[in-house]
Amino acid sequence: MPRLPVEWRFLRTAWIHACVLTGDDEAATGLVESTLETVAARRDPMSARRRRRLFFANLYRAGIDLPRLDGCAGGFSAFHHLEEPGRTALVLLYLRAVPPDEIADVVGRHERELPDILASARSALEKSLPAAP
Amino acid sequence: MTPRTARRLLACHYEDSAGHVPGNVSKAARVVEKDSELAGDYRRQLDFDRRMGGAVSEIQLPPDLEERLAGKLASLPRHKPGLRDPAILAVAIGGFLLVALIAWQAAGRPATASPEITLVAEEVLGMDGAGFERVALPLDAMADWLVLQGFEGFPENMPEHLRDALVDAAAVDAMGGSPRAVMDLAGGEGRLVVFPAKGMEDVAEFTDAQLWANRTATLAKKGAMVFLLLR
């Protein structure tokens, strides 16, 4: 069974991010594959770290306008309905996909804005969860 | 760090799976502990993050995902660096410019006159017209006139670049005990100095060496004489 090279192992994490963006397993795989084509086609030399950040930034841009699915299942349902850029910022933080200081870059915001973005996302996520008995 | 700044920093923190806490985060946590409201808020964040972070990381990947993505990655055309790559092109241009610069420094740069030639040039260019006589002769016909002035040994053959030169006015003076011929060339072609090459054996010929900002010198040797043209 072919395995992903070490520098592309982050694609597993990227798939979870894509799942949150699309709300659907199969659509997530398609989104990761199309983003993979975009990033792999770039001709400029880049480090593994930059490639990973670029990948998540492309994934974010490709998924930002996708419609929210009402009936989506799985553990990512609550995340799926959050507003951007908080949704992506919080998911990337929880997945430890990129270092916290690079999350702002991925969502195209200033680092100064990140605490408020994350706080709003946590608050919105908490409100969307069913109240504890 | 104020408690409010510390709280903002902690909002961007999600604890490491190995329990490692960066120095600035642990410092911020200590600062926040001084404010009971912020400390409680941070503890609620920690609980919430553990719960929700756990839920995200438990999302199951499709069993064939890695195989599918690895196949996709393998099927993508490999990018081979070529001359059309901007990065390779930039390196190639940079290398070419570096080689060109080194070549210009080594070969193309105008020669610099030696100190003894510069000294001769200073003396000769400082001469006013008082000692000069009008001659109006071709340079290769100056031998007789120069002999009459006490300058002997003027060669019959002129250096190539002076073959057609006409002398407007000339003077003979002494340089270190030997006679020296100084000639103003017609048409503003410069001032020519001819003197014995004795003691100048080590001085190499050169063309258009920069003397000062507005002066160049060309030095040629013919027989036992040095021809120094100052422009």
# chains A, B, ... in the order shown; residues from 1 in each chain; ligands from 1
call {"tool": "interface_residues", "arguments": {"of": "chain A", "to": "chain B", "cutoff": "7 Å", "atoms": "only C-alpha atoms", "output": "VMD selection string"}}
result
chain A and resid 1 to 4 43 75 to 76 93 to 95 100 115 118 to 119
call {"tool": "residues_around", "arguments": {"residues": "segment 57-65 of chain A", "least_positions_apart": "3", "cutoff": "10 Å", "atoms": "only C-alpha atoms", "output": "ChimeraX atom specification"}}
result
/A:14-15,17-22,28,31-32,34-36,38-39,51-54,68,83-85,87-89,103-108
call {"tool": "write_last_selection", "arguments": {"atoms": "C-alpha atoms", "output": "PDB file, in the first residue's frame"}}
result
ATOM      1  CA  ALA A  14      -5.697  18.730   5.903  1.00  0.00           C
ATOM      2  CA  TRP A  15      -8.436  16.226   5.129  1.00  0.00           C
ATOM      3  CA  HIS A  17      -9.874  20.569   7.898  1.00  0.00           C
ATOM      4  CA  ALA A  18     -11.477  19.955   4.490  1.00  0.00           C
ATOM      5  CA  CYS A  19     -14.182  17.873   6.171  1.00  0.00           C
ATOM      6  CA  VAL A  20     -15.049  20.803   8.424  1.00  0.00           C
ATOM      7  CA  LEU A  21     -15.112  23.124   5.395  1.00  0.00           C
ATOM      8  CA  THR A  22     -17.233  20.903   3.137  1.00  0.00           C
ATOM      9  CA  ALA A  28     -13.354  16.751   1.520  1.00  0.00           C
ATOM     10  CA  LEU A  31     -11.063  19.433  -2.107  1.00  0.00           C
ATOM     11  CA  VAL A  32      -7.765  18.077  -0.774  1.00  0.00           C
ATOM     12  CA  SER A  34      -7.673  19.766  -6.085  1.00  0.00           C
ATOM     13  CA  THR A  35      -5.650  21.817  -3.579  1.00  0.00           C
ATOM     14  CA  LEU A  36      -2.848  19.290  -3.925  1.00  0.00           C
ATOM     15  CA  THR A  38      -2.689  23.654  -7.168  1.00  0.00           C
ATOM     16  CA  VAL A  39       0.156  23.558  -4.657  1.00  0.00           C
ATOM     17  CA  ARG A  51       4.373  24.390   1.570  1.00  0.00           C
ATOM     18  CA  ARG A  52       2.206  23.193   4.446  1.00  0.00           C
ATOM     19  CA  ARG A  53       1.129  26.743   5.327  1.00  0.00           C
ATOM     20  CA  LEU A  54       0.426  27.457   1.668  1.00  0.00           C
ATOM     21  CA  ARG A  68     -23.090  24.804   4.843  1.00  0.00           C
ATOM     22  CA  GLU A  83     -18.326  31.524  10.704  1.00  0.00           C
ATOM     23  CA  GLU A  84     -14.982  32.084   9.045  1.00  0.00           C
ATOM     24  CA  PRO A  85     -12.203  32.918   9.743  1.00  0.00           C
ATOM     25  CA  ARG A  87     -13.822  28.184  12.038  1.00  0.00           C
ATOM     26  CA  THR A  88     -10.537  27.575  10.249  1.00  0.00           C
ATOM     27  CA  ALA A  89      -8.457  29.293  12.951  1.00  0.00           C
ATOM     28  CA  ILE A 103      -2.693  30.604  11.702  1.00  0.00           C
ATOM     29  CA  ALA A 104      -3.252  34.337  11.118  1.00  0.00           C
ATOM     30  CA  ASP A 105      -1.284  34.041   7.855  1.00  0.00           C
ATOM     31  CA  VAL A 106      -3.419  31.127   6.692  1.00  0.00           C
ATOM     32  CA  VAL A 107      -6.668  33.026   7.205  1.00  0.00           C
ATOM     33  CA  GLY A 108      -5.182  36.252   5.823  1.00  0.00           C
TER      34      GLY A 108
END
call {"tool": "closest_residue", "arguments": {"among": "A:Asp25, A:Glu126, A:His81, A:Arg12", "to": "Ala97 of chain A", "atoms": "only C-alpha atoms"}}
result
A:Arg12
call {"tool": "atom_distance", "arguments": {"atom1": "atom CA of Tyr42 of chain B", "atom2": "atom CA of Met1 of chain B"}}
result
16.1 Å
call {"tool": "residues_around", "arguments": {"residues": "Pro3 of chain B", "least_positions_apart": "2", "cutoff": "9 Å", "atoms": "only C-alpha atoms", "output": "NGL selection string"}}
result
:B and (1 or 5-8 or 28-29 or 31-35 or 38)
call {"tool": "atom_distance", "arguments": {"atom1": "atom CA of Asn24 of chain B", "atom2": "atom CA of Glu111 of chain A"}}
result
16.1 Å
